[in-house]
$ cat start08.pdb   # PDB, C-alpha atoms
ATOM      1  CA  MET N   1      20.927   3.782  11.074
ATOM      2  CA  THR N   2      22.289   1.672   8.233
ATOM      3  CA  GLU N   3      20.136   0.340   5.449
ATOM      4  CA  GLN N   4      19.351  -3.369   5.853
ATOM      5  CA  TRP N   5      19.108  -5.603   2.772
ATOM      6  CA  ARG N   6      17.333  -8.959   2.466
ATOM      7  CA  PRO N   7      16.789 -11.312  -0.499
ATOM      8  CA  VAL N   8      13.604 -10.770  -2.481
ATOM      9  CA  VAL N   9      11.370 -13.766  -1.775
ATOM     10  CA  GLY N  10      11.293 -15.956  -4.882
ATOM     11  CA  TYR N  11      14.285 -14.144  -6.396
ATOM     12  CA  GLU N  12      17.014 -15.190  -3.953
ATOM     13  CA  GLY N  13      20.478 -14.670  -5.424
ATOM     14  CA  LEU N  14      19.082 -12.318  -8.062
ATOM     15  CA  TYR N  15      17.621  -9.326  -6.190
ATOM     16  CA  GLU N  16      17.566  -7.780  -2.726
ATOM     17  CA  VAL N  17      15.172  -5.329  -1.088
ATOM     18  CA  SER N  18      16.012  -2.871   1.670
ATOM     19  CA  ASP N  19      14.116  -1.653   4.719
ATOM     20  CA  LEU N  20      14.058   1.767   3.016
ATOM     21  CA  GLY N  21      12.054   0.366   0.108
ATOM     22  CA  ARG N  22      14.843   0.155  -2.467
ATOM     23  CA  VAL N  23      15.415  -2.880  -4.698
ATOM     24  CA  ARG N  24      18.756  -3.832  -6.212
ATOM     25  CA  SER N  25      19.940  -6.470  -8.625
ATOM     26  CA  LEU N  26      22.855  -8.625  -7.544
ATOM     27  CA  PRO N  27      25.936  -9.109  -9.744
ATOM     28  CA  ARG N  28      25.735 -12.278 -11.811
ATOM     29  CA  VAL N  29      26.298 -13.792 -15.233
ATOM     30  CA  ALA N  30      23.175 -14.518 -17.253
ATOM     31  CA  LEU N  31      22.559 -16.019 -20.683
ATOM     32  CA  ARG N  32      20.950 -14.227 -23.564
ATOM     33  CA  SER N  33      18.272 -16.054 -25.557
ATOM     34  CA  ASN N  34      20.968 -17.048 -28.103
ATOM     35  CA  GLY N  35      23.079 -18.634 -25.322
ATOM     36  CA  VAL N  36      25.710 -15.892 -25.125
ATOM     37  CA  PRO N  37      26.621 -15.009 -21.518
ATOM     38  CA  TYR N  38      26.564 -11.424 -20.275
ATOM     39  CA  THR N  39      27.361  -9.766 -16.958
ATOM     40  CA  ILE N  40      24.730  -8.064 -14.848
ATOM     41  CA  ARG N  41      26.218  -5.493 -12.486
ATOM     42  CA  GLU N  42      24.862  -4.662  -9.067
ATOM     43  CA  ARG N  43      22.620  -1.628  -9.232
ATOM     44  CA  VAL N  44      19.618  -0.124  -7.500
ATOM     45  CA  LEU N  45      16.587  -0.526  -9.733
ATOM     46  CA  ARG N  46      14.592   2.477 -10.851
ATOM     47  CA  PRO N  47      11.073   2.196  -9.481
ATOM     48  CA  GLN N  48       8.091   2.713 -11.748
ATOM     49  CA  ARG N  49       4.996   4.379 -10.438
ATOM     50  CA  ASN N  50       1.604   2.996 -11.315
ATOM     51  CA  SER N  51      -1.537   4.864 -10.253
ATOM     52  CA  LYS N  52      -0.730   5.032  -6.532
ATOM     53  CA  HIS N  53       2.066   2.615  -5.710
ATOM     54  CA  VAL N  54       5.587   1.782  -6.877
ATOM     55  CA  ASN N  55       6.745  -1.377  -8.635
ATOM     56  CA  VAL N  56       9.926  -2.704 -10.195
ATOM     57  CA  THR N  57      10.562  -5.126 -13.031
ATOM     58  CA  LEU N  58      12.273  -8.331 -11.937
ATOM     59  CA  TYR N  59      13.520 -11.065 -14.276
ATOM     60  CA  LYS N  60      13.868 -14.748 -13.530
ATOM     61  CA  ASP N  61      14.435 -17.446 -16.144
ATOM     62  CA  GLY N  62      13.657 -14.949 -18.908
ATOM     63  CA  VAL N  63      10.248 -14.043 -17.460
ATOM     64  CA  ALA N  64       9.541 -10.490 -16.331
ATOM     65  CA  GLN N  65       7.327  -9.689 -13.342
ATOM     66  CA  THR N  66       6.432  -6.259 -11.930
ATOM     67  CA  PRO N  67       5.679  -6.743  -8.216
ATOM     68  CA  LEU N  68       4.750  -3.871  -5.923
ATOM     69  CA  VAL N  69       7.704  -2.742  -3.827
ATOM     70  CA  HIS N  70       5.750  -2.539  -0.570
ATOM     71  CA  ARG N  71       4.815  -6.213  -0.870
ATOM     72  CA  LEU N  72       8.467  -7.141  -1.499
ATOM     73  CA  VAL N  73       9.563  -5.245   1.622
ATOM     74  CA  LEU N  74       6.923  -6.871   3.821
ATOM     75  CA  ALA N  75       7.561 -10.381   2.488
ATOM     76  CA  ALA N  76      11.322 -10.065   3.045
ATOM     77  CA  PHE N  77      11.263  -8.440   6.481
ATOM     78  CA  VAL N  78       7.952  -9.506   8.070
ATOM     79  CA  GLY N  79       6.979 -12.705   6.269
ATOM     80  CA  PRO N  80       4.336 -13.842   3.793
ATOM     81  CA  CYS N  81       0.979 -12.131   3.572
ATOM     82  CA  PRO N  82      -1.522 -13.833   5.910
ATOM     83  CA  PRO N  83      -4.731 -15.089   4.267
ATOM     84  CA  GLY N  84      -7.354 -12.370   3.889
ATOM     85  CA  GLN N  85      -4.892  -9.556   4.488
ATOM     86  CA  GLN N  86      -3.164  -6.971   2.331
ATOM     87  CA  ALA N  87      -0.267  -4.562   2.556
ATOM     88  CA  ARG N  88      -0.986  -1.281   4.343
ATOM     89  CA  HIS N  89       0.851   2.040   4.280
ATOM     90  CA  TRP N  90       0.466   3.537   7.762
ATOM     91  CA  ASP N  91       0.614   7.097   6.362
ATOM     92  CA  ASP N  92      -1.395   6.203   3.199
ATOM     93  CA  VAL N  93       1.433   7.486   0.974
ATOM     94  CA  GLY N  94       1.822   4.755  -1.643
ATOM     95  CA  THR N  95       5.379   5.779  -2.478
ATOM     96  CA  ASN N  96       6.628   5.592   1.137
ATOM     97  CA  ASN N  97       7.837   1.992   1.173
ATOM     98  CA  THR N  98      10.005   2.122   4.289
ATOM     99  CA  LEU N  99       9.555  -0.883   6.564
ATOM    100  CA  SER N 100       8.476   1.329   9.478
ATOM    101  CA  ASN N 101       5.513   2.535   7.375
ATOM    102  CA  LEU N 102       4.330  -0.892   6.199
ATOM    103  CA  LEU N 103       2.300  -3.663   7.783
ATOM    104  CA  TRP N 104      -0.081  -6.453   6.838
ATOM    105  CA  GLY N 105      -3.723  -5.848   7.689
ATOM    106  CA  THR N 106      -7.300  -6.439   6.663
ATOM    107  CA  PRO N 107      -9.081  -4.349   4.039
ATOM    108  CA  SER N 108     -11.033  -2.842   6.951
ATOM    109  CA  ASP N 109      -7.758  -1.804   8.617
ATOM    110  CA  ASN N 110      -6.795  -0.092   5.368
ATOM    111  CA  GLN N 111     -10.071   1.869   5.367
ATOM    112  CA  HIS N 112      -9.553   2.904   9.003
ATOM    113  CA  ASP N 113      -6.098   4.177   7.986
ATOM    114  CA  LYS N 114      -7.744   6.386   5.359
ATOM    115  CA  VAL N 115     -10.119   7.837   7.942
ATOM    116  CA  ARG N 116      -7.286   8.390  10.454
ATOM    117  CA  ASN N 117      -5.174  10.115   7.794
ATOM    118  CA  GLY N 118      -8.044  12.288   6.546
ATOM    119  CA  LEU N 119      -8.202  10.657   3.119
ATOM    120  CA  ASN N 120     -11.686   9.113   3.279
ATOM    121  CA  HIS N 121     -14.009  11.405   1.335
ATOM    122  CA  ASN N 122     -17.054  10.467   3.427
ATOM    123  CA  ALA N 123     -15.251  11.059   6.712
ATOM    124  CA  ASN N 124     -14.246  14.518   5.465
ATOM    125  CA  LYS N 125     -17.850  15.605   4.917
ATOM    126  CA  THR N 126     -18.967  18.162   7.466
ATOM    127  CA  HIS N 127     -22.611  18.511   6.342
ATOM    128  CA  CYS N 128     -25.338  16.164   5.122
ATOM    129  CA  PRO N 129     -26.685  16.528   1.556
ATOM    130  CA  ASN N 130     -29.406  18.862   2.930
ATOM    131  CA  GLY N 131     -26.856  21.174   4.530
ATOM    132  CA  HIS N 132     -27.198  20.153   8.190
ATOM    133  CA  GLU N 133     -23.920  20.060  10.067
ATOM    134  CA  TYR N 134     -22.585  16.711  11.269
ATOM    135  CA  THR N 135     -22.188  17.393  14.985
ATOM    136  CA  PRO N 136     -22.188  14.756  17.735
ATOM    137  CA  GLU N 137     -25.727  15.850  18.667
ATOM    138  CA  ASN N 138     -26.979  15.684  15.066
ATOM    139  CA  THR N 139     -25.334  12.452  13.913
ATOM    140  CA  TYR N 140     -26.418   8.832  14.006
ATOM    141  CA  THR N 141     -23.557   6.429  13.470
ATOM    142  CA  LYS N 142     -24.841   3.169  12.070
ATOM    143  CA  ASN N 143     -22.887   0.278  10.555
ATOM    144  CA  SER N 144     -20.020   2.123   8.927
ATOM    145  CA  GLY N 145     -21.809   5.309   7.974
ATOM    146  CA  ARG N 146     -23.305   8.498   9.387
ATOM    147  CA  LYS N 147     -26.837   9.788   9.132
ATOM    148  CA  CYS N 148     -28.153  13.227   9.870
ATOM    149  CA  ARG N 149     -30.519  13.092  12.856
ATOM    150  CA  ILE N 150     -32.632  16.048  11.599
ATOM    151  CA  CYS N 151     -33.125  14.431   8.177
ATOM    152  CA  THR N 152     -33.861  11.013   9.702
ATOM    153  CA  ILE N 153     -36.550  12.474  11.974
ATOM    154  CA  ALA N 154     -38.036  14.464   9.072
ATOM    155  CA  ARG N 155     -38.203  11.325   6.901
ATOM    156  CA  SER N 156     -39.888   9.319   9.662
ATOM    157  CA  LYS N 157     -42.556  12.052  10.076
ATOM    158  CA  MET N 158     -43.219  12.022   6.331
ATOM    159  CA  THR N 159     -43.904   8.268   6.289
ATOM    160  CA  VAL N 160     -46.358   8.384   9.233
TER     161      VAL N 160
END
$ encode --input "start08.pdb" --output "structure tokens"
Amino acid sequence: MTEQWRPVVGYEGLYEVSDLGRVRSLPRVALRSNGVPYTIRERVLRPQRNSKHVNVTLYKDGVAQTPLVHRLVLAAFVGPCPPGQQARHWDDVGTNNTLSNLLWGTPSDNQHDKVRNGLNHNANKTHCPNGHEYTPENTYTKNSGRKCRICTIARSKMTV
């Protein structure tokens, strides 16, 4: 399969982003601050990693911006971010910016991804703070959390 390139939204004619999560500058002539022209060659930009995700530095009219690559890919290939949604990595690997791994979704969808991928620290707990195992028979699921049935019954007997 060949890599597909699309213009970066807001930077058309300056940069392109691929469905593999790479960003490249397009060849052009720009002006330095003193008015002297210089040539910018086409090249794939080197991504920078912040805490969990990857960004690149883009320049337009002398102003630098550092957008997240996954948002650039989604905006170019899927469309703008719907209100109340955010970019999601299906596999929860913030450096995997391939189009097939990205989608828009709610913050709740993002949390469900973490549970599905085994990255939610609460979902990984196998025992309650008192050491009772979370089994289907010993677990109350309420709202978005779990409670130990043995501990809940013990607390209710203490308050009676």
$ closest_residue --input "start08.pdb" --among "N:Gly62, N:Pro129, N:Pro47, N:Pro82" --to "Arg146 of chain N" --atoms "only C-alpha atoms"
N:Pro129
$ resolve_selection --input "start08.pdb" --expression "the PyMOL selection byres ((chain N and resi 147-150) around 12)" --output "ChimeraX atom specification"
/N:122-123,125-146,151-157
$ write_last_selection --input "start08.pdb" --atoms "C-alpha atoms" --output "short mmCIF file (atom, residue, chain, number, x, y, z; two decimals), in the coordinates of the input"
data_model
loop_
_atom_site.label_atom_id
_atom_site.label_comp_id
_atom_site.auth_asym_id
_atom_site.auth_seq_id
_atom_site.Cartn_x
_atom_site.Cartn_y
_atom_site.Cartn_z
CA ASN N 122 -17.05 10.47 3.43
CA ALA N 123 -15.25 11.06 6.71
CA LYS N 125 -17.85 15.60 4.92
CA THR N 126 -18.97 18.16 7.47
CA HIS N 127 -22.61 18.51 6.34
CA CYS N 128 -25.34 16.16 5.12
CA PRO N 129 -26.68 16.53 1.56
CA ASN N 130 -29.41 18.86 2.93
CA GLY N 131 -26.86 21.17 4.53
CA HIS N 132 -27.20 20.15 8.19
CA GLU N 133 -23.92 20.06 10.07
CA TYR N 134 -22.58 16.71 11.27
CA THR N 135 -22.19 17.39 14.98
CA PRO N 136 -22.19 14.76 17.74
CA GLU N 137 -25.73 15.85 18.67
CA ASN N 138 -26.98 15.68 15.07
CA THR N 139 -25.33 12.45 13.91
CA TYR N 140 -26.42 8.83 14.01
CA THR N 141 -23.56 6.43 13.47
CA LYS N 142 -24.84 3.17 12.07
CA ASN N 143 -22.89 0.28 10.56
CA SER N 144 -20.02 2.12 8.93
CA GLY N 145 -21.81 5.31 7.97
CA ARG N 146 -23.30 8.50 9.39
CA CYS N 151 -33.12 14.43 8.18
CA THR N 152 -33.86 11.01 9.70
CA ILE N 153 -36.55 12.47 11.97
CA ALA N 154 -38.04 14.46 9.07
CA ARG N 155 -38.20 11.32 6.90
CA SER N 156 -39.89 9.32 9.66
CA LYS N 157 -42.56 12.05 10.08
#
$ resolve_selection --input "start08.pdb" --expression "the PyMOL selection byres ((chain N and resi 13-29) around 8)" --output "number ranges by chain"
N: 3-8, 11-12, 30-31, 37-45, 56, 58, 60, 69-70, 72-73, 76-77, 96-100
$ closest_atom_pairs --input "start08.pdb" --of "segment 1-99 of chain N" --to "segment 108-118 of chain N" --cutoff "12 Å" --atoms "all atoms listed in the file" --output "Markdown table"
| residue | atom | partner | partner_atom | distance |
| --- | --- | --- | --- | --- |
| N:Gly84 | CA | N:Ser108 | CA | 10.7 |
| N:Gln85 | CA | N:Asp109 | CA | 9.2 |
| N:Gln86 | CA | N:Asn110 | CA | 8.4 |
| N:Ala87 | CA | N:Asn110 | CA | 8.4 |
| N:Arg88 | CA | N:Asn110 | CA | 6.0 |
| N:His89 | CA | N:Asn110 | CA | 8.0 |
| N:Trp90 | CA | N:Asp113 | CA | 6.6 |
| N:Asp91 | CA | N:Asn117 | CA | 6.7 |
| N:Asp92 | CA | N:Lys114 | CA | 6.7 |
| N:Val93 | CA | N:Asn117 | CA | 9.9 |
| N:Gly94 | CA | N:Lys114 | CA | 12.0 |
$ atom_distance --input "start08.pdb" --atom1 "atom CA of Lys52 of chain N" --atom2 "atom CA of Leu102 of chain N"
14.9 Å
$ atom_distance --input "start08.pdb" --atom1 "atom CA of Leu74 of chain N" --atom2 "atom CA of Leu119 of chain N"
23.2 Å
$ closest_residue --input "start08.pdb" --among "N:Met158, N:Ser51, N:Val9, N:Gly35" --to "Gly79 of chain N" --atoms "only C-alpha atoms"
N:Val9
$ decode --input "start08.pdb" --residues "segment 67-78 of chain N" --atoms "all heavy atoms" --output "PDB file, in the first residue's frame"
ATOM      1  N   PRO N  67       1.709  21.642  16.666  1.00  0.00           N
ATOM      2  CA  PRO N  67       0.517  20.804  16.804  1.00  0.00           C
ATOM      3  C   PRO N  67       0.879  19.331  16.979  1.00  0.00           C
ATOM      4  O   PRO N  67       1.946  18.878  16.560  1.00  0.00           O
ATOM      5  CB  PRO N  67      -0.220  21.032  15.488  1.00  0.00           C
ATOM      6  CG  PRO N  67       0.851  21.374  14.528  1.00  0.00           C
ATOM      7  CD  PRO N  67       1.894  22.114  15.305  1.00  0.00           C
ATOM      8  N   LEU N  68      -0.032  18.595  17.594  1.00  0.00           N
ATOM      9  CA  LEU N  68       0.129  17.153  17.747  1.00  0.00           C
ATOM     10  C   LEU N  68      -0.121  16.476  16.402  1.00  0.00           C
ATOM     11  O   LEU N  68      -1.089  16.795  15.703  1.00  0.00           O
ATOM     12  CB  LEU N  68      -0.845  16.630  18.799  1.00  0.00           C
ATOM     13  CG  LEU N  68      -0.609  17.163  20.217  1.00  0.00           C
ATOM     14  CD1 LEU N  68      -1.784  16.835  21.120  1.00  0.00           C
ATOM     15  CD2 LEU N  68       0.681  16.599  20.784  1.00  0.00           C
ATOM     16  N   VAL N  69       0.729  15.529  16.060  1.00  0.00           N
ATOM     17  CA  VAL N  69       0.652  14.873  14.760  1.00  0.00           C
ATOM     18  C   VAL N  69      -0.659  14.111  14.592  1.00  0.00           C
ATOM     19  O   VAL N  69      -1.276  14.142  13.525  1.00  0.00           O
ATOM     20  CB  VAL N  69       1.870  13.949  14.536  1.00  0.00           C
ATOM     21  CG1 VAL N  69       1.706  13.116  13.274  1.00  0.00           C
ATOM     22  CG2 VAL N  69       3.151  14.766  14.474  1.00  0.00           C
ATOM     23  N   HIS N  70      -1.138  13.446  15.634  1.00  0.00           N
ATOM     24  CA  HIS N  70      -2.370  12.676  15.478  1.00  0.00           C
ATOM     25  C   HIS N  70      -3.558  13.575  15.131  1.00  0.00           C
ATOM     26  O   HIS N  70      -4.441  13.175  14.372  1.00  0.00           O
ATOM     27  CB  HIS N  70      -2.655  11.790  16.702  1.00  0.00           C
ATOM     28  CG  HIS N  70      -2.833  12.498  17.993  1.00  0.00           C
ATOM     29  ND1 HIS N  70      -1.782  12.782  18.837  1.00  0.00           N
ATOM     30  CD2 HIS N  70      -3.936  12.965  18.603  1.00  0.00           C
ATOM     31  CE1 HIS N  70      -2.241  13.399  19.917  1.00  0.00           C
ATOM     32  NE2 HIS N  70      -3.557  13.514  19.792  1.00  0.00           N
ATOM     33  N   ARG N  71      -3.574  14.785  15.628  1.00  0.00           N
ATOM     34  CA  ARG N  71      -4.655  15.710  15.287  1.00  0.00           C
ATOM     35  C   ARG N  71      -4.531  16.181  13.831  1.00  0.00           C
ATOM     36  O   ARG N  71      -5.537  16.374  13.144  1.00  0.00           O
ATOM     37  CB  ARG N  71      -4.678  16.890  16.250  1.00  0.00           C
ATOM     38  CG  ARG N  71      -5.048  16.468  17.669  1.00  0.00           C
ATOM     39  CD  ARG N  71      -5.206  17.652  18.598  1.00  0.00           C
ATOM     40  NE  ARG N  71      -6.314  18.506  18.200  1.00  0.00           N
ATOM     41  CZ  ARG N  71      -7.592  18.305  18.553  1.00  0.00           C
ATOM     42  NH1 ARG N  71      -7.919  17.262  19.285  1.00  0.00           N
ATOM     43  NH2 ARG N  71      -8.526  19.137  18.162  1.00  0.00           N
ATOM     44  N   LEU N  72      -3.300  16.356  13.355  1.00  0.00           N
ATOM     45  CA  LEU N  72      -3.091  16.738  11.956  1.00  0.00           C
ATOM     46  C   LEU N  72      -3.580  15.634  11.015  1.00  0.00           C
ATOM     47  O   LEU N  72      -4.228  15.915  10.004  1.00  0.00           O
ATOM     48  CB  LEU N  72      -1.603  17.020  11.690  1.00  0.00           C
ATOM     49  CG  LEU N  72      -0.962  18.178  12.450  1.00  0.00           C
ATOM     50  CD1 LEU N  72       0.521  18.269  12.109  1.00  0.00           C
ATOM     51  CD2 LEU N  72      -1.670  19.473  12.163  1.00  0.00           C
ATOM     52  N   VAL N  73      -3.274  14.388  11.352  1.00  0.00           N
ATOM     53  CA  VAL N  73      -3.686  13.257  10.519  1.00  0.00           C
ATOM     54  C   VAL N  73      -5.208  13.184  10.463  1.00  0.00           C
ATOM     55  O   VAL N  73      -5.806  13.086   9.383  1.00  0.00           O
ATOM     56  CB  VAL N  73      -3.092  11.927  11.053  1.00  0.00           C
ATOM     57  CG1 VAL N  73      -3.667  10.735  10.307  1.00  0.00           C
ATOM     58  CG2 VAL N  73      -1.572  11.938  10.959  1.00  0.00           C
ATOM     59  N   LEU N  74      -5.853  13.246  11.616  1.00  0.00           N
ATOM     60  CA  LEU N  74      -7.316  13.158  11.642  1.00  0.00           C
ATOM     61  C   LEU N  74      -7.975  14.316  10.908  1.00  0.00           C
ATOM     62  O   LEU N  74      -8.930  14.112  10.150  1.00  0.00           O
ATOM     63  CB  LEU N  74      -7.812  13.098  13.088  1.00  0.00           C
ATOM     64  CG  LEU N  74      -7.681  11.742  13.762  1.00  0.00           C
ATOM     65  CD1 LEU N  74      -7.916  11.853  15.257  1.00  0.00           C
ATOM     66  CD2 LEU N  74      -8.641  10.743  13.147  1.00  0.00           C
ATOM     67  N   ALA N  75      -7.478  15.528  11.106  1.00  0.00           N
ATOM     68  CA  ALA N  75      -8.083  16.691  10.443  1.00  0.00           C
ATOM     69  C   ALA N  75      -7.947  16.580   8.925  1.00  0.00           C
ATOM     70  O   ALA N  75      -8.885  16.910   8.191  1.00  0.00           O
ATOM     71  CB  ALA N  75      -7.432  17.980  10.941  1.00  0.00           C
ATOM     72  N   ALA N  76      -6.824  16.091   8.446  1.00  0.00           N
ATOM     73  CA  ALA N  76      -6.591  16.001   7.000  1.00  0.00           C
ATOM     74  C   ALA N  76      -7.365  14.861   6.350  1.00  0.00           C
ATOM     75  O   ALA N  76      -7.858  14.997   5.235  1.00  0.00           O
ATOM     76  CB  ALA N  76      -5.093  15.844   6.724  1.00  0.00           C
ATOM     77  N   PHE N  77      -7.484  13.734   7.026  1.00  0.00           N
ATOM     78  CA  PHE N  77      -8.079  12.554   6.405  1.00  0.00           C
ATOM     79  C   PHE N  77      -9.526  12.294   6.817  1.00  0.00           C
ATOM     80  O   PHE N  77     -10.274  11.687   6.063  1.00  0.00           O
ATOM     81  CB  PHE N  77      -7.233  11.312   6.704  1.00  0.00           C
ATOM     82  CG  PHE N  77      -5.940  11.276   5.939  1.00  0.00           C
ATOM     83  CD1 PHE N  77      -4.790  11.829   6.472  1.00  0.00           C
ATOM     84  CD2 PHE N  77      -5.881  10.703   4.680  1.00  0.00           C
ATOM     85  CE1 PHE N  77      -3.596  11.805   5.767  1.00  0.00           C
ATOM     86  CE2 PHE N  77      -4.697  10.676   3.971  1.00  0.00           C
ATOM     87  CZ  PHE N  77      -3.545  11.234   4.509  1.00  0.00           C
ATOM     88  N   VAL N  78      -9.920  12.710   8.007  1.00  0.00           N
ATOM     89  CA  VAL N  78     -11.274  12.433   8.501  1.00  0.00           C
ATOM     90  C   VAL N  78     -12.130  13.689   8.498  1.00  0.00           C
ATOM     91  O   VAL N  78     -13.304  13.652   8.160  1.00  0.00           O
ATOM     92  CB  VAL N  78     -11.223  11.812   9.920  1.00  0.00           C
ATOM     93  CG1 VAL N  78     -12.611  11.568  10.470  1.00  0.00           C
ATOM     94  CG2 VAL N  78     -10.422  10.515   9.895  1.00  0.00           C
TER      95      VAL N  78
END
